[in-house]
>>> print(open('my_file-v5.txt').read())   # compact mmCIF, C-alpha atoms and all ligand atoms
# COMPACT_ATOMS: atom_id res chain seq x y z
CA MET A 1 62.91 94.17 116.51
CA ASN A 2 62.26 97.44 118.28
CA PHE A 3 62.22 99.58 115.20
CA PHE A 4 59.70 97.54 113.30
CA SER A 5 57.46 96.64 116.20
CA SER A 6 57.24 100.28 117.26
CA PHE A 7 56.69 101.33 113.66
CA TYR A 8 53.94 98.75 113.37
CA SER A 9 52.18 99.64 116.59
CA SER A 10 52.30 103.37 115.81
CA TRP A 11 50.83 102.65 112.37
CA VAL A 12 47.99 100.71 114.01
CA ARG A 13 47.49 103.51 116.53
CA THR A 14 47.35 106.14 113.78
CA ALA A 15 44.91 104.05 111.78
CA LEU A 16 42.61 103.58 114.73
CA THR A 17 42.68 107.09 116.17
CA ARG A 18 42.83 109.09 112.99
CA SER A 19 39.16 110.02 112.97
CA GLU A 20 36.05 109.09 114.87
CA PRO A 21 35.67 106.58 117.68
CA PHE A 22 36.14 102.99 116.58
CA GLU A 23 32.40 102.14 116.48
CA GLU A 24 31.73 104.86 113.95
CA ILE A 25 34.17 103.59 111.34
CA SER A 26 32.25 102.47 108.30
CA MET A 27 32.12 98.79 107.49
CA PRO A 28 34.04 98.95 104.17
CA ARG A 29 36.80 100.92 105.84
CA LEU A 30 36.98 98.47 108.69
CA LEU A 31 37.26 95.61 106.24
CA LYS A 32 40.02 97.41 104.36
CA MET A 33 41.87 98.03 107.59
CA THR A 34 41.54 94.41 108.58
CA ARG A 35 42.88 93.31 105.21
CA LEU A 36 45.81 95.73 105.56
CA THR A 37 46.48 94.44 109.02
CA ALA A 38 46.37 90.87 107.76
CA ILE A 39 49.12 91.77 105.28
CA ALA A 40 51.06 94.13 107.47
CA MET A 41 51.17 91.96 110.56
CA PRO A 42 53.12 89.01 109.12
CA LEU A 43 55.28 91.42 107.08
CA ALA A 44 56.17 93.36 110.19
CA LEU A 45 56.93 90.11 111.97
CA VAL A 46 59.18 88.92 109.15
CA PHE A 47 61.01 92.24 109.09
CA ALA A 48 61.33 92.26 112.84
CA LEU A 49 62.83 88.80 112.77
CA LEU A 50 65.19 89.59 109.89
CA PHE A 51 66.18 93.05 111.00
CA PRO A 52 68.61 92.13 113.78
CA ILE A 53 70.28 89.55 111.52
CA VAL A 54 70.77 91.16 108.11
CA GLY A 55 69.87 94.78 108.63
CA SER A 56 72.25 95.97 111.29
CA ALA A 57 75.71 97.27 110.48
CA ASP A 58 77.26 94.65 112.73
CA SER A 59 76.17 91.78 110.55
CA LYS A 60 78.09 92.99 107.52
CA ILE A 61 81.49 91.36 107.12
CA ARG A 62 84.07 94.01 107.88
CA ILE A 63 86.68 93.65 105.16
CA MET A 64 89.91 95.61 104.80
CA THR A 65 91.95 95.25 101.64
CA ALA A 66 95.51 96.32 100.93
CA THR A 67 94.58 97.85 97.57
CA THR A 68 91.56 99.39 95.88
CA ASP A 69 91.38 96.72 93.19
CA LEU A 70 90.87 94.01 95.78
CA ALA A 71 88.28 96.22 97.48
CA SER A 72 86.39 96.55 94.21
CA LEU A 73 86.40 92.77 93.67
CA ALA A 74 85.30 92.11 97.26
CA GLN A 75 82.48 94.64 96.83
CA GLU A 76 81.33 92.97 93.61
CA VAL A 77 80.94 89.62 95.33
CA GLY A 78 79.90 90.82 98.79
CA GLY A 79 77.28 93.37 97.72
CA ASP A 80 75.49 94.94 100.64
CA LYS A 81 76.53 92.22 103.03
CA VAL A 82 80.09 93.48 103.29
CA ASP A 83 81.71 96.68 104.43
CA VAL A 84 84.91 97.12 102.42
CA GLU A 85 87.74 99.62 102.62
CA SER A 86 91.21 99.75 101.13
CA VAL A 87 94.28 100.94 103.01
CA ALA A 88 96.13 102.10 99.88
CA ARG A 89 94.69 104.73 97.55
CA GLY A 90 94.49 104.02 93.84
CA TYR A 91 96.99 106.73 92.91
CA GLN A 92 99.66 105.49 95.33
CA ASP A 93 102.55 103.20 94.43
CA PRO A 94 101.40 99.95 96.07
CA HIS A 95 105.00 99.09 96.94
CA TYR A 96 105.40 102.25 99.04
CA VAL A 97 102.21 103.28 100.82
CA ASP A 98 102.22 105.69 103.72
CA PRO A 99 99.08 104.57 105.51
CA LYS A 100 97.02 106.95 107.60
CA PRO A 101 97.12 106.08 111.34
CA SER A 102 93.32 105.88 111.29
CA PHE A 103 93.63 102.56 109.50
CA LEU A 104 94.96 100.92 112.67
CA LEU A 105 91.55 101.20 114.31
CA LYS A 106 89.83 99.86 111.19
CA LEU A 107 92.25 96.95 110.97
CA SER A 108 91.69 96.17 114.63
CA LYS A 109 87.99 95.65 113.90
CA ALA A 110 88.34 93.84 110.56
CA GLU A 111 87.10 90.28 110.16
CA LEU A 112 88.91 89.77 106.88
CA LEU A 113 92.08 91.29 105.44
CA ILE A 114 92.69 90.76 101.73
CA VAL A 115 96.24 91.33 100.50
CA VAL A 116 97.95 91.21 97.10
CA GLY A 117 100.85 89.20 98.55
CA LEU A 118 104.10 88.22 96.80
CA GLU A 119 105.74 90.82 99.08
CA LEU A 120 104.05 93.75 97.29
CA GLU A 121 103.03 95.24 100.65
CA ILE A 122 106.12 94.15 102.60
CA GLY A 123 107.28 97.73 103.15
CA TRP A 124 104.16 98.98 104.90
CA LEU A 125 101.51 96.39 105.78
CA PRO A 126 103.22 93.96 108.21
CA PRO A 127 103.71 96.60 110.95
CA LEU A 128 100.07 97.67 110.60
CA ILE A 129 98.89 94.08 110.98
CA THR A 130 101.01 93.60 114.09
CA GLN A 131 99.97 96.90 115.64
CA SER A 132 96.29 96.23 115.00
CA SER A 133 96.53 93.49 117.69
CA ASN A 134 93.71 91.77 115.82
CA PRO A 135 94.25 88.01 116.05
CA ARG A 136 91.75 87.37 113.22
CA ILE A 137 93.88 89.00 110.51
CA GLN A 138 97.41 87.97 111.48
CA VAL A 139 99.37 86.17 108.76
CA GLY A 140 98.15 82.57 108.68
CA ALA A 141 94.93 83.30 110.62
CA PRO A 142 91.58 82.51 108.95
CA GLY A 143 90.94 86.22 108.36
CA TYR A 144 94.16 86.71 106.37
CA PHE A 145 93.43 86.24 102.68
CA ASP A 146 96.32 86.26 100.22
CA ALA A 147 94.77 86.87 96.78
CA SER A 148 97.94 85.79 94.94
CA ARG A 149 97.15 82.17 95.83
CA PHE A 150 94.19 82.32 93.43
CA ALA A 151 95.76 84.22 90.53
CA ARG A 152 97.93 83.30 87.59
CA ILE A 153 101.37 84.67 88.49
CA LEU A 154 103.95 85.62 85.86
CA GLU A 155 107.72 86.16 86.12
CA LEU A 156 108.07 83.47 88.77
CA PRO A 157 111.66 83.23 89.99
CA THR A 158 113.57 80.23 88.69
CA GLY A 159 116.63 80.33 90.88
CA GLN A 160 117.19 81.40 94.44
CA VAL A 161 114.59 83.86 95.79
CA THR A 162 116.33 87.13 96.55
CA ARG A 163 115.74 90.85 96.82
CA ALA A 164 119.33 91.39 95.71
CA GLU A 165 119.99 94.72 94.01
CA GLY A 166 116.66 95.94 95.36
CA ASP A 167 114.37 93.87 93.13
CA VAL A 168 110.91 94.36 94.63
CA HIS A 169 109.38 91.36 92.79
CA PRO A 170 111.33 88.46 94.34
CA LEU A 171 108.40 85.99 94.40
CA GLY A 172 106.95 86.66 90.95
CA ASN A 173 105.08 89.63 89.54
CA PRO A 174 102.61 91.05 92.09
CA HIS A 175 100.68 93.27 89.62
CA TYR A 176 98.60 90.30 88.52
CA TRP A 177 95.16 91.95 89.03
CA LEU A 178 95.55 93.77 85.69
CA ASP A 179 94.18 90.73 83.84
CA PRO A 180 90.39 90.26 83.93
CA ASP A 181 90.86 86.48 84.13
CA ASN A 182 92.77 86.96 87.36
CA GLY A 183 90.04 89.32 88.55
CA LEU A 184 87.59 86.45 88.15
CA ARG A 185 89.88 83.98 89.94
CA ILE A 186 90.34 86.36 92.86
CA ALA A 187 86.59 87.08 93.04
CA LYS A 188 85.90 83.33 93.15
CA GLY A 189 88.37 82.93 96.02
CA ILE A 190 86.69 85.79 97.88
CA GLN A 191 83.26 84.28 97.25
CA ASN A 192 84.33 80.99 98.81
CA LYS A 193 85.97 82.72 101.76
CA ILE A 194 83.05 84.96 102.70
CA SER A 195 80.59 82.10 102.18
CA GLU A 196 82.57 80.15 104.79
CA MET A 197 82.29 83.13 107.11
CA ARG A 198 78.54 83.63 106.53
CA PRO A 199 77.08 80.29 105.38
CA ASN A 200 73.57 81.75 105.51
CA ASP A 201 74.52 84.21 102.77
CA ALA A 202 76.33 81.69 100.56
CA ALA A 203 73.55 81.66 97.94
CA TYR A 204 73.58 85.46 97.78
CA PHE A 205 77.37 85.53 97.26
CA ALA A 206 77.15 82.79 94.61
CA GLN A 207 74.53 84.79 92.72
CA ARG A 208 76.66 87.97 92.99
CA TYR A 209 79.72 86.12 91.67
CA ASP A 210 77.78 84.66 88.73
CA ALA A 211 76.47 88.09 87.78
CA PHE A 212 79.97 89.58 88.07
CA GLU A 213 81.45 86.83 85.92
CA GLN A 214 78.85 87.37 83.23
CA ARG A 215 79.35 91.15 83.16
CA LEU A 216 83.14 90.89 83.20
CA LYS A 217 83.22 88.35 80.38
CA GLN A 218 80.97 90.59 78.30
CA SER A 219 83.14 93.63 78.96
CA ASP A 220 86.29 91.65 78.27
CA GLN A 221 85.00 90.71 74.83
CA GLN A 222 84.63 94.40 74.06
CA TRP A 223 88.08 95.24 75.47
CA GLN A 224 89.66 92.43 73.46
CA ALA A 225 87.94 93.68 70.32
CA GLN A 226 89.18 97.23 70.95
CA MET A 227 92.75 96.01 71.43
CA LYS A 228 92.78 93.55 68.54
CA PRO A 229 94.08 96.00 65.90
CA TYR A 230 97.20 96.57 68.03
CA ALA A 231 98.04 92.92 68.72
CA GLY A 232 101.76 92.36 69.01
CA ARG A 233 102.63 96.08 69.26
CA LYS A 234 105.89 96.69 71.09
CA VAL A 235 105.76 98.91 74.17
CA VAL A 236 108.07 99.98 76.97
CA THR A 237 106.79 100.37 80.52
CA TYR A 238 108.27 102.27 83.44
CA HIS A 239 107.81 99.59 86.10
CA ARG A 240 106.98 95.92 85.55
CA SER A 241 103.30 96.57 86.35
CA TRP A 242 101.84 95.27 83.12
CA PRO A 243 102.94 91.71 82.23
CA ASN A 244 99.50 90.21 82.95
CA PHE A 245 97.74 93.08 81.17
CA ALA A 246 100.09 92.75 78.17
CA GLU A 247 99.64 89.00 77.97
CA HIS A 248 95.87 89.25 78.15
CA PHE A 249 95.55 92.03 75.58
CA GLY A 250 98.30 90.91 73.22
CA LEU A 251 100.93 93.61 73.78
CA ASN A 252 104.66 92.99 73.58
CA VAL A 253 106.60 94.61 76.44
CA VAL A 254 110.22 94.85 75.22
CA GLY A 255 111.82 97.04 77.87
CA TYR A 256 111.51 99.02 81.09
CA VAL A 257 112.51 102.50 82.18
CA GLU A 258 113.60 101.00 85.52
CA PRO A 259 116.71 98.81 85.19
CA ARG A 260 115.14 96.42 87.73
CA PRO A 261 111.77 96.57 89.53
CA GLY A 262 112.07 99.26 92.20
CA ILE A 263 115.43 100.63 90.95
CA PRO A 264 115.29 104.19 89.55
CA PRO A 265 116.46 104.75 85.98
CA SER A 266 120.21 105.12 85.51
CA PRO A 267 121.83 107.13 82.67
CA GLN A 268 123.49 104.02 81.21
CA HIS A 269 120.28 102.01 81.20
CA THR A 270 118.37 104.94 79.68
CA VAL A 271 120.86 105.24 76.81
CA GLU A 272 120.57 101.51 76.12
CA LEU A 273 116.80 101.67 76.21
CA ILE A 274 116.70 104.59 73.77
CA GLY A 275 118.91 102.61 71.37
CA GLN A 276 116.68 99.56 71.63
CA MET A 277 113.48 101.57 71.12
CA LYS A 278 114.93 103.21 68.00
CA ARG A 279 116.04 99.86 66.57
CA GLU A 280 112.69 98.20 67.26
CA GLY A 281 110.46 101.17 66.46
CA VAL A 282 108.81 101.32 69.91
CA LYS A 283 106.43 104.28 70.08
CA ILE A 284 104.69 103.85 73.44
CA ILE A 285 106.05 104.34 76.97
CA MET A 286 103.47 103.26 79.55
CA VAL A 287 104.00 105.06 82.87
CA GLU A 288 102.28 104.58 86.22
CA PRO A 289 100.92 107.83 87.75
CA TYR A 290 103.34 107.92 90.71
CA PHE A 291 106.61 108.08 88.75
CA ASP A 292 108.56 111.17 87.78
CA LEU A 293 107.98 111.89 84.10
CA LYS A 294 111.43 113.46 83.54
CA THR A 295 113.17 110.33 82.24
CA PRO A 296 110.18 109.01 80.24
CA ASN A 297 109.78 112.44 78.63
CA SER A 298 113.44 112.63 77.63
CA ILE A 299 113.27 109.08 76.21
CA ALA A 300 110.17 110.13 74.26
CA ARG A 301 111.98 113.16 72.85
CA GLU A 302 114.90 110.99 71.67
CA THR A 303 112.74 108.27 70.14
CA GLY A 304 109.61 110.05 68.95
CA ALA A 305 107.58 107.85 71.28
CA GLN A 306 104.57 108.97 73.29
CA VAL A 307 104.39 108.83 77.10
CA VAL A 308 101.04 107.37 78.17
CA VAL A 309 100.14 107.61 81.83
CA LEU A 310 97.98 104.56 82.60
CA MET A 311 96.27 103.71 85.85
CA PRO A 312 97.24 100.44 87.47
CA SER A 313 94.50 100.65 90.11
CA VAL A 314 90.89 101.53 90.78
CA GLY A 315 90.65 105.09 92.09
CA GLY A 316 93.77 106.27 90.24
CA GLU A 317 91.45 108.83 88.67
CA LYS A 318 88.07 109.95 89.96
CA GLU A 319 86.22 108.34 87.08
CA ILE A 320 87.80 104.90 87.77
CA THR A 321 85.26 103.87 90.35
CA ASP A 322 85.47 100.11 89.93
CA TYR A 323 87.31 97.19 88.33
CA PHE A 324 85.41 97.61 85.04
CA LYS A 325 86.20 101.32 84.73
CA LEU A 326 89.89 100.57 85.27
CA PHE A 327 90.10 98.61 82.01
CA ASP A 328 87.76 101.05 80.24
CA TYR A 329 90.12 103.88 81.13
CA ASP A 330 93.42 102.19 80.29
CA ILE A 331 92.25 100.67 77.03
CA ALA A 332 90.75 103.93 75.80
CA LYS A 333 94.01 105.76 76.56
CA LEU A 334 96.17 103.09 74.92
CA LYS A 335 94.00 102.95 71.83
CA LYS A 336 94.28 106.71 71.38
CA ALA A 337 98.06 106.60 71.82
CA PHE A 338 98.47 103.74 69.34
CA ASP A 339 96.37 105.59 66.77
CA GLU A 340 98.33 108.80 67.24
CA THR A 341 101.78 107.18 66.97
CA HIS A 342 101.22 104.84 64.09
ZN ZN B 1 105.98 96.19 91.28
>>> encode(input="my_file-v5.txt", output="structure tokens")
Amino acid sequence: MNFFSSFYSSWVRTALTRSEPFEEISMPRLLKMTRLTAIAMPLALVFALLFPIVGSADSKIRIMTATTDLASLAQEVGGDKVDVESVARGYQDPHYVDPKPSFLLKLSKAELLIVVGLELEIGWLPPLITQSSNPRIQVGAPGYFDASRFARILELPTGQVTRAEGDVHPLGNPHYWLDPDNGLRIAKGIQNKISEMRPNDAAYFAQRYDAFEQRLKQSDQQWQAQMKPYAGRKVVTYHRSWPNFAEHFGLNVVGYVEPRPGIPPSPQHTVELIGQMKREGVKIIMVEPYFDLKTPNSIARETGAQVVVLMPSVGGEKEITDYFKLFDYDIAKLKKAFDETH
């Protein structure tokens, strides 16, 4: 209110005192000024009324996400009515994040916390949530949003749920955001959630989601077309980060450098993998940026395969600034590697 009303009154003052006394202002100029005032007055009033509601930083929904991919999706839907930040960086292994202490303060002020779930963040996020002392984002509170509830989850456990032998995917594969269809499902869930929180902005969020869906579907058509020549190609990946990506883009993941998710490569497993890759003619080893390249490189030497470092998350490289650029980057790198190893 203050900003616009003072802006308005100073504008009027300047207009009236700029030159001669009021009586000497010519008639056409007076008319022009009156017309301007007739436009400016209601405009200023509208702005003054709106300003405290939509313009101040406080009115934005303060969202924290566990990972950068969720932050990108929340930003797509929330536009300038949300303030989004991720705890994990895009180049970090999302299973093992060492969060900066400064995130405690941010979490304590958050209205919404969006997590990947399926125990991906179990090693680092629960203590942060507890220490934030923020009742809004505690597990089960309205401000705790588990994105896995909206996504298509692969590798669901069939028997007893266990982390036996160190398996870090006991509830199904938590790397599900690497499928644009899941990106859409998550974005829809976020749209509904933030519309509940700010009913007055529901139409804005709906329009943002629709635009995002349209752009993503268009981009996905291009990605699918780029990947089509390599449909069914066999690949090996370091960690089980790519089942959703592989399913969506028609790749065939036949083995892993890790014996089990979260378990470092063992000599025996590596020997078996090399044998399998030779038998099946596998020429691509997809590696996430946070793993040691020693074992993948030695496997590549033995098999004639190429090690391709792909980014599982937004921000893994500077140029990967959003969810779209993530697929742009990975698909371009894969395409090049397939062409070079054929
Ligand atoms: Zn994992």
>>> closest_residue(input="my_file-v5.txt", among="A:Phe249, A:Gly78, A:Gln268, A:Trp242", to="Ala202 of chain A", atoms="all atoms listed in the file")
A:Gly78
>>> residues_near_ligand(input="my_file-v5.txt", ligand="ligand ZN 1 (chain B)", cutoff="10 Å", atoms="only C-alpha atoms and all ligand atoms", output="list in words")
Asp93, Pro94, His95, Tyr96, Leu118, Glu119, Leu120, Glu121, Asp167, Val168, His169, Pro170, Gly172, Asn173, Pro174, His175, Tyr176, His239, Arg240, Ser241, Trp242, Arg260, Pro261 and Gly262 of chain A
>>> residues_around(input="my_file-v5.txt", residues="Ser72 of chain A", least_positions_apart="2", cutoff="10 Å", atoms="only C-alpha atoms", output="PyMOL selection string")
chain A and resi 65+67-70+74-78+84-86+183+187+313-315+321-324
>>> atom_distance(input="my_file-v5.txt", atom1="atom CA of Val257 of chain A", atom2="atom CA of Phe245 of chain A")
17.5 Å
>>> residues_near_point(input="my_file-v5.txt", point="(93.7, 89.7, 109.7)", cutoff="7 Å", atoms="all atoms listed in the file", output="number ranges by chain")
A: 110-113, 129, 134-139, 141, 143-144
